[in-house]
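Undergrad: Quick one: the structure is below, and I'll ask about it shortly.
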Amino acid sequence: MTVGEDPTEWGSIRWLSAITAFYIVAFMLKMGEPDKLWWWLIALVFFGWLYSPFLLLINFSMENKKDSSALRVVFVAMLFNSVSGLYLSYEAFVVSRTDAGGAMMFGVLPMYQLVISAIGIAVAKGQATRPGST
């Protein structure tokens with residue numbers, strides 16, 4: 001690895017977080033009313049709430065860029081959050097098409113994802129403290 005080059009795991013985390021942000025915005029645009037100014041103000045708050053589990057993982061991975069084993073655990077937690085969030089959002093917004101299901105997704109899904117993120121960070125910290133990890 002050359003000077004200034006990021007580890008592969010860090011690059012994967014960045015790509016996955018960008019893809020996740022894209023699908024969150026896409027679902028918000030599909031379900032919302034983007035032609036109204038008030039919607040954009042509320043959407044920014046909801047985007048922050050929906051993206052908070054990923055920001056937690058990104059923050060941890062930025063602090064632990066040198067530890068590839070911790071980054072792998074963070075990547076798995078982020079991948080689980082992304083895939084489950086995409087699947088559940090698709091089921092709520094596209095398949096069922098109910099407003100109540102979408103409202104529940106905005107409120108409840110990030111709480112579960114925050115728990116998964118916290119578990120992933122705890123495992124990554126445990127992995128980092130093991131002798132011979134990296």
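Residue numbering restarts at 1 in every chain; chains get A, B, ... in the order shown in the structure tokens, and ligands count up from 1 in that same order.
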At a cut-off of 10 Å, can you tabulate as CSV every residue of stretch 42-87 of chain A near stretch 9-29 of chain A together with its closest atom pair and the distance in Å to one decimal, using only C-alpha atoms and ordering rows by chain then number?
TA:
residue,atom,partner,partner_atom,distance
A:Ala43,CA,A:Met28,CA,7.4
A:Leu44,CA,A:Val25,CA,9.8
A:Phe46,CA,A:Met28,CA,8.8
A:Phe47,CA,A:Ile24,CA,7.4
A:Leu50,CA,A:Ile24,CA,7.5
A:Tyr51,CA,A:Ala21,CA,7.1
A:Phe54,CA,A:Ser17,CA,6.8
A:Leu55,CA,A:Ser17,CA,8.5
A:Leu57,CA,A:Ile13,CA,8.9
A:Ile58,CA,A:Ile13,CA,7.5
A:Ser61,CA,A:Trp10,CA,7.3
A:Met62,CA,A:Trp10,CA,8.1
A:Asn64,CA,A:Trp10,CA,9.4
A:Lys65,CA,A:Trp10,CA,6.7
A:Lys66,CA,A:Trp10,CA,9.2
A:Asp67,CA,A:Glu9,CA,9.5
A:Ser68,CA,A:Glu9,CA,6.7
A:Ser69,CA,A:Glu9,CA,8.9
A:Ala70,CA,A:Glu9,CA,9.4
A:Leu71,CA,A:Glu9,CA,5.9
A:Arg72,CA,A:Glu9,CA,6.3
A:Val73,CA,A:Glu9,CA,9.7
A:Val74,CA,A:Ile13,CA,8.0
A:Phe75,CA,A:Ile13,CA,5.8
A:Val76,CA,A:Ile13,CA,9.3
A:Met78,CA,A:Ile13,CA,7.6
A:Leu79,CA,A:Leu16,CA,7.3
A:Asn81,CA,A:Thr20,CA,9.2
A:Ser82,CA,A:Thr20,CA,6.1
A:Val83,CA,A:Thr20,CA,8.9
A:Gly85,CA,A:Thr20,CA,8.9
A:Leu86,CA,A:Tyr23,CA,7.5
Undergrad: Can you work out which one of A:Leu88, A:Leu41, A:Lys36, A:Ala77 has the shortest atom-to-atom distance to A:Ala124, counting only C-alpha atoms?
TA: A:Ala77
Undergrad: Chain A: which residues are alpha helix (DSSP H) by DSSP, as a PyMOL selection string?
TA: chain A and resi 8-31+37-63+68-90+99-129
